[in-house]
Amino acid sequence: MSHPTLYPVPTAAAKRSHLTNEQYEQMYQQSITAPEQFWAEHGKRIDWFKPYTEVKNTSYEPGKVNIEWFKDGILNASYNCLDRHLPQRADQVAYYWEGDSPDVSKSITYGELHQQVCQLANAMKQLGVAKGDRVTIYLPMIIEATVALLACARIGAVHSVVFAGFSPDALGSRVFDCDSKLIITADQALRGSRVTSLKQNVDIAIDHLAEKSPVQNVIVVKHVGQNLAMQAGRDLWYHELIAQQSTDCPAEPMQAEDPLFILYTSGSTGTPKGVLHTTGGYMVYAAMTHQYVFDYHDKDVYWCAADVGWVTGHTYIIYGPLANGATSVLFEGVPNYPSVKRMAQIVDKYHVNILYTAPTAIRALMAHGTAPTDGADLSSLRTLGSVGEPINPEAWNWYHHNFGKDNCPIVDTWWQTETGGILISPLPGCTDLKPGSATRPFFGIIPAIVDNEGNEVQGVGEGNLIIKSSWPGQMRTVYGDHARFEQTYFGTYPGSYFTGDGVKRDADGYYWITGRVDDVLNISGHRLGTAEIESCLVAHDSVAEAAVVGFTHDIKGQGIYVYVTPRVGVEPSDELTKELRAWVRTEISPIATPDLIQWAPTGLPKTRSGKIMRRILRKIAANEHDQLGDISTLADPSVVEVLINNRLNRK
Ligand code: PRX
C-alpha cells in the first residue's frame with residue numbers, strides 16, 4: 001500500500017497547540033543564539049526555593065568537560081512534582097493504575113501521593129538514609145514505584161532504578177557499583193501473567209555479593225501476596241513501615257547540581273555505565289519537553305506505556321508529567337495480554353488523550369492486522385508518540401491509521417538515557433510529519449552531522465550525529481568514572497557530544513535517525529543502514545519483524561544477514577525467501593539484497609525493554625555462537641538456541 005510521505009499539521013492540532021510553527025522557529029533561534037536568556041526565562045517553570053542567578057556553565061573542551069546549569073539555584077524535585085500542586089490539585093488523580101489483569105485497577109490523587117511519599121521518606125530517614133546516599137529501586141510498575149522515586153528525591157537520596165526484569169547478578173552489579181545501602185523491592189512482579197520473584201532475586205543478588213554487599217536494608221512491597229522469608233533486622237515490609245510514619249516530611253533543599261538519579265545503560269563496550277543526572281536542569285528540561293513535545297494541556301489524560309526501569313519512565317512517567325500536574329495512566333502489564341486489544345481497551349477505559357509507546361510494541365500489534373483496534377473507540381486520542389528506535393514507515397502508518405484514525409500527529413521522539421529528555425522530535429501543532437523522521441531539534445539543541453573524520457556535513461547529507469551545544473537535561477558524568485564519560489561521549493569528536501547514532505538530513509532540514517553507527521553496514525563500499533533494510537522488510541505483508549546485521553563476506557567486505565519473524569499465519573518457505581530478496585532488491589537497491597535470510601518464527605533476542613540484541617545476532621551470523629557473552633539480560637534466552645540451531649552461515 002502506498003502512503004503519503006508528508007502529513008501536514010491537522011487543523012485541530014494547530015488550533016490547540018501551545019505554539020505556532022512561527023513561534024517554534026522564533027523560540028528555537030533564540031534558544032541557540034541566546035541560550036543564557038532563553039533558559040533563564042524557561043527555568044522559571046520550576047519552583048525554586050532559592051532562584052538561580054547563574055544559568056549555564058558548560059564546557060565540552062577535551063580534558064575539561066564540565067556541565068552545570070542553574071548552579072546556584074536551590075530546589076527539590078519531589079516538591080516540584082507534589083507540594084506545589086496541592087493547593088489546586090490535591091484531589092486530582094495523579095495516576096490511574098491499571099494492573100496486569102484487566103480486572104485490577106486503582107488510582108491515587110496528588111494529595112494521597114504526597115502523603116505516601118512523605119511517609120516513605122520519613123521511614124528511609126529513620127533507617128539512616130541521608131542526602132547523597134544511593135538507593136536501589138527494583139520494583140514492578142506499581143504506584144509504590146513512583147512513591148519510591150519521589151521519596152528518594154524528597155530527602156536528597158540518589159535513586160538507581162534497576163528494571164524489574166533484570167537478573168539477580170545484573171541487579172547485584174548495579175547495587176555494588178553505586179554502593180546502595182537500601183533496596184526497595186516487591187514480593188513479585190506480574191507481566192502478561194508471568195511472575196517474577198523480585199524479593200528472591202534480591203536475596204540472591206545480596207548473597208552473591210557476600211561480604212561486598214553494601215545493603216543494610218530491604219524494603220518489600222507486598223504486591224502479589226507471596227509468602228516470603230524475611231531476614232530479621234534487614235528486611236522490612238513497606239506497609240508496616242509506612243503505617244507508623246508521619247505524612248509530613250519537608251522536602252530537602254537541593255543544589256541544582258546535586259545528583260537526582262543514576263540509571264545504568266549499556267554501551268557498545270564494557271560494563272553498563274551509571275548515567276548520572278542532576279536536579280535543576282533535568283527538572284526544567286523534563287517539564288518543558290513534556291509540555292511541548294506532547295502538546296500537553298491541563299486536564300489531559302496522558303499515558304506513557306514505558307517502564308519506570310528505563311529513562312523514558314523516569315522522565316515521561318514520573319518527573320515531566322508530575323512537574324506539569326498531569327494525570328497519567330500507569331500500566332503494569334504488556335500490550336498484548338490478555339489479548340492484542342489491551343492497549344486500545346486501556347485508551348478507551350481512561351479516555352487517554354496522549355499515548356506514548358515504542359515501535360516494538362506497535363510492530364507486535366501490527367502483526368495482527370486490525371484486530372488490536374477493531375471495535376475500539378479511540379476518539380479520545382489526540383497525540384501519539386514513539387520512542388526507542390527508528391520507527392519504520394509501515395509501522396508509523398499502521399499506528400497513525402489504526403490508533404490515530406488518520407488525524408493524530410505522531411511525535412517520533414529521538415533521545416537517549418544520556419540526554420535526560422527528548423532532543424529531536426516534531427511538535428504536534430507545529431511540525432509537518434514525515435513517517436520515519438524525528439524531524440527537528442527541540443529548543444536549545446544544535447545537532448550536526450560529521451563524517452568519520454569529524455568533518456561537518458552541511459545541508460542535505462548523512463553521517464554521525466553529534467550535538468554541539470549543551471542542554472539542561474544532559475547527563476553530567478558516568479557515576480564514579482568521569483574519565484569514561486569524557487572518553488565515551490566527547491572523545492570521538494572533541495568539542496561535541498557524540499550520540500553514537502547515524503543520521504540523515506533532508507532538504508527540509510529534517511533529521512532521520514538511521515540507528516546506532518555500530519549497526520551501519522558497508523557493502524562493497526556502499527553504506528547501508530540496517531534500519532533501512534529492516535524497514536523495507538517489515539513493509540512486506542509476510543514480515544512481522546526483521547533484524548539485519550553484517551557478516552564478513554569474502555567479496556563484498558560485508559554481507560547482509562537477515563533474521564525475519566513472519567506475521568502470524570505466514571509459513572516460511574524457499575519461495576518466500578526468494579520473494580523477500582527480490583523485494584529488498586527492488587525497494588532499496590541491488591546492493592541491499594540480503595545474502596542470507598534466516599526465519600525466526602520464535603522471535604528475535606530482545607532485552608526486556610524490547611530492544612533487539614544485535615550483538616548476539618551478529619555473533620550467530622558470524623558463526624561465532626560460542627562467543628555470545630552475557631545473554632542474561634534477554635527477555636527470553638531460549639530464542640537464541642533456536643537461532644543457533646537454524647543458522648545459515650556455517651563454515
Ligand atoms: O539509537 C537511538 C535509539 O535508542 C538509543 C538510546 O537508547 P536508550 O538510552 O535506551 O534510550 C531509549 C529511550 C530514550 C538512541 O541512541 N532511539 C531512541 N529513540 C529513537 C531512537 N532511534 C530512532 N528514533 C527514535 N525516536
# chains A, B, ... in the order shown; residues from 1 in each chain; ligands from 1
>>> select_by_dssp(residues="range 367-569 of chain A", states="helix (DSSP H, G or I)", output="PyMOL selection string")
chain A and resi 393-402+417-419+482-490+517-519+530-538
>>> write_last_selection(atoms="N, CA, C and O atoms", output="compact mmCIF listing (two decimals), in the first residue's frame")
# COMPACT_ATOMS: atom_id res chain seq x y z
N PRO A 393 8.35 3.36 8.38
CA PRO A 393 7.13 3.99 7.89
C PRO A 393 5.91 3.07 7.92
O PRO A 393 4.80 3.53 8.17
N GLU A 394 6.09 1.79 7.70
CA GLU A 394 4.96 0.88 7.71
C GLU A 394 4.30 0.85 9.10
O GLU A 394 3.08 0.92 9.22
N ALA A 395 5.13 0.74 10.12
CA ALA A 395 4.60 0.74 11.49
C ALA A 395 4.02 2.11 11.83
O ALA A 395 2.99 2.21 12.49
N TRP A 396 4.67 3.16 11.38
CA TRP A 396 4.18 4.53 11.59
C TRP A 396 2.77 4.67 11.01
O TRP A 396 1.85 5.15 11.68
N ASN A 397 2.62 4.22 9.79
CA ASN A 397 1.32 4.35 9.12
C ASN A 397 0.25 3.49 9.79
O ASN A 397 -0.91 3.89 9.89
N TRP A 398 0.67 2.33 10.23
CA TRP A 398 -0.29 1.46 10.92
C TRP A 398 -0.79 2.13 12.20
O TRP A 398 -1.99 2.16 12.49
N TYR A 399 0.13 2.69 12.96
CA TYR A 399 -0.17 3.38 14.22
C TYR A 399 -1.06 4.60 13.93
O TYR A 399 -2.08 4.82 14.58
N HIS A 400 -0.66 5.35 12.94
CA HIS A 400 -1.37 6.57 12.56
C HIS A 400 -2.82 6.25 12.16
O HIS A 400 -3.76 6.93 12.55
N HIS A 401 -2.96 5.19 11.39
CA HIS A 401 -4.28 4.84 10.87
C HIS A 401 -5.14 4.13 11.93
O HIS A 401 -6.28 4.51 12.17
N ASN A 402 -4.58 3.12 12.56
CA ASN A 402 -5.39 2.28 13.43
C ASN A 402 -5.63 2.90 14.81
O ASN A 402 -6.74 2.81 15.34
N THR A 417 19.18 7.70 27.14
CA THR A 417 19.33 7.76 28.60
C THR A 417 20.22 8.95 28.96
O THR A 417 19.96 9.68 29.92
N GLU A 418 21.24 9.12 28.18
CA GLU A 418 22.24 10.16 28.45
C GLU A 418 21.67 11.57 28.31
O GLU A 418 22.18 12.51 28.90
N THR A 419 20.66 11.73 27.45
CA THR A 419 20.19 13.08 27.16
C THR A 419 19.12 13.56 28.15
O THR A 419 18.77 14.72 28.15
N HIS A 482 34.48 9.78 35.70
CA HIS A 482 34.34 10.94 34.82
C HIS A 482 35.20 10.78 33.56
O HIS A 482 34.82 11.25 32.48
N ALA A 483 36.31 10.09 33.69
CA ALA A 483 37.19 9.90 32.52
C ALA A 483 36.46 9.09 31.46
O ALA A 483 36.56 9.38 30.26
N ARG A 484 35.70 8.10 31.89
CA ARG A 484 34.94 7.29 30.93
C ARG A 484 33.86 8.13 30.24
O ARG A 484 33.59 7.98 29.05
N PHE A 485 33.28 9.01 31.01
CA PHE A 485 32.27 9.92 30.46
C PHE A 485 32.89 10.76 29.34
O PHE A 485 32.36 10.83 28.23
N GLU A 486 34.02 11.37 29.65
CA GLU A 486 34.68 12.23 28.65
C GLU A 486 35.05 11.43 27.42
O GLU A 486 34.83 11.86 26.29
N GLN A 487 35.60 10.27 27.67
CA GLN A 487 36.11 9.48 26.56
C GLN A 487 34.97 8.94 25.68
O GLN A 487 35.03 9.00 24.46
N THR A 488 33.92 8.44 26.32
CA THR A 488 32.82 7.84 25.57
C THR A 488 32.07 8.86 24.72
O THR A 488 31.74 8.61 23.58
N TYR A 489 31.80 10.00 25.31
CA TYR A 489 30.90 10.94 24.64
C TYR A 489 31.58 12.15 24.00
O TYR A 489 30.99 12.80 23.16
N PHE A 490 32.80 12.44 24.44
CA PHE A 490 33.46 13.64 23.92
C PHE A 490 34.82 13.33 23.30
O PHE A 490 35.51 14.22 22.83
N VAL A 517 25.53 3.75 14.99
CA VAL A 517 26.50 3.68 13.91
C VAL A 517 27.25 2.35 13.91
O VAL A 517 27.80 1.96 12.90
N ASP A 518 27.23 1.68 15.02
CA ASP A 518 27.87 0.37 15.02
C ASP A 518 27.03 -0.65 14.26
O ASP A 518 27.46 -1.77 14.02
N ASP A 519 25.85 -0.28 13.88
CA ASP A 519 25.00 -1.16 13.08
C ASP A 519 25.01 -0.81 11.60
O ASP A 519 24.26 -1.38 10.82
N THR A 530 21.14 -0.57 8.66
CA THR A 530 20.37 -1.79 8.91
C THR A 530 18.88 -1.43 9.07
O THR A 530 18.01 -2.18 8.66
N ALA A 531 18.64 -0.26 9.65
CA ALA A 531 17.24 0.17 9.87
C ALA A 531 16.50 0.32 8.54
O ALA A 531 15.31 0.03 8.46
N GLU A 532 17.23 0.75 7.56
CA GLU A 532 16.61 0.97 6.25
C GLU A 532 16.14 -0.37 5.65
O GLU A 532 15.03 -0.48 5.12
N ILE A 533 17.00 -1.37 5.75
CA ILE A 533 16.65 -2.69 5.20
C ILE A 533 15.52 -3.31 6.03
O ILE A 533 14.58 -3.90 5.49
N GLU A 534 15.63 -3.14 7.31
CA GLU A 534 14.59 -3.69 8.20
C GLU A 534 13.24 -3.05 7.90
O GLU A 534 12.21 -3.73 7.85
N SER A 535 13.28 -1.79 7.72
CA SER A 535 12.05 -1.05 7.45
C SER A 535 11.41 -1.55 6.16
O SER A 535 10.19 -1.74 6.08
N CYS A 536 12.24 -1.80 5.19
CA CYS A 536 11.76 -2.32 3.91
C CYS A 536 11.15 -3.71 4.09
O CYS A 536 10.07 -4.01 3.58
N LEU A 537 11.85 -4.55 4.84
CA LEU A 537 11.35 -5.91 5.05
C LEU A 537 10.01 -5.90 5.79
O LEU A 537 9.09 -6.65 5.45
N VAL A 538 9.93 -5.05 6.80
CA VAL A 538 8.71 -5.01 7.61
C VAL A 538 7.53 -4.50 6.78
O VAL A 538 6.38 -4.78 7.08
>>> residues_around(residues="Glu61 in chain A", least_positions_apart="5", cutoff="9 Å", atoms="only C-alpha atoms", output="list in words")
Asn66, Phe490, Pro494, Gly495 and Ser496 of chain A
>>> residues_near_ligand(ligand="ligand 1", cutoff="6 Å", atoms="only C-alpha atoms and all ligand atoms", output="number ranges by chain")
A: 312, 387-390, 412-417, 438, 501, 513, 515-516
>>> select_by_dssp(residues="range 14-173 of chain A", states="strand (DSSP E)", output="PDB file with C-alpha atoms, in the first residue's frame")
ATOM      1  CA  LYS A  56      24.816  27.989  32.053  1.00  0.00           C
ATOM      2  CA  ASN A  57      28.335  26.941  32.783  1.00  0.00           C
ATOM      3  CA  THR A  58      29.275  24.229  30.328  1.00  0.00           C
ATOM      4  CA  SER A  59      32.404  23.089  28.552  1.00  0.00           C
ATOM      5  CA  ASN A  66      32.010  20.125  32.699  1.00  0.00           C
ATOM      6  CA  ILE A  67      28.264  20.655  32.617  1.00  0.00           C
ATOM      7  CA  GLU A  68      26.426  22.848  35.099  1.00  0.00           C
ATOM      8  CA  TRP A  69      23.038  24.519  34.804  1.00  0.00           C
ATOM      9  CA  ILE A  74      18.112  25.557  45.220  1.00  0.00           C
ATOM     10  CA  LEU A  75      15.072  23.332  44.701  1.00  0.00           C
ATOM     11  CA  VAL A  93      -5.795  11.907  40.094  1.00  0.00           C
ATOM     12  CA  ALA A  94      -2.031  11.707  39.622  1.00  0.00           C
ATOM     13  CA  TYR A  95      -2.065   8.098  38.396  1.00  0.00           C
ATOM     14  CA  TYR A  96      -4.702   5.709  37.215  1.00  0.00           C
ATOM     15  CA  TRP A  97      -3.067   2.410  37.917  1.00  0.00           C
ATOM     16  CA  GLU A  98      -4.053  -0.427  35.596  1.00  0.00           C
ATOM     17  CA  SER A 105      -7.088  -1.140  38.923  1.00  0.00           C
ATOM     18  CA  LYS A 106      -6.957   1.796  41.326  1.00  0.00           C
ATOM     19  CA  SER A 107      -5.999   5.440  41.365  1.00  0.00           C
ATOM     20  CA  ILE A 108      -4.082   7.839  43.554  1.00  0.00           C
ATOM     21  CA  THR A 109      -4.563  11.600  43.871  1.00  0.00           C
ATOM     22  CA  ARG A 134      22.222   5.771  46.935  1.00  0.00           C
ATOM     23  CA  VAL A 135      19.048   3.700  46.999  1.00  0.00           C
ATOM     24  CA  THR A 136      18.322   0.931  44.503  1.00  0.00           C
ATOM     25  CA  ILE A 137      14.728   0.534  43.375  1.00  0.00           C
ATOM     26  CA  TYR A 138      13.755  -2.839  41.915  1.00  0.00           C
ATOM     27  CA  VAL A 158      20.058   9.309  44.750  1.00  0.00           C
ATOM     28  CA  HIS A 159      17.850   6.633  43.231  1.00  0.00           C
ATOM     29  CA  SER A 160      19.157   3.946  40.961  1.00  0.00           C
ATOM     30  CA  VAL A 161      16.257   2.099  39.387  1.00  0.00           C
TER      31      VAL A 161
END
>>> closest_atom_pairs(of="range 551-579 of chain A", to="range 600-608 of chain A", cutoff="8 Å", atoms="only C-alpha atoms", output="CSV")
residue,atom,partner,partner_atom,distance
A:Tyr563,CA,A:Ala600,CA,6.1
A:Val564,CA,A:Ala600,CA,5.4
A:Thr565,CA,A:Ala600,CA,4.8
A:Pro566,CA,A:Pro601,CA,6.1
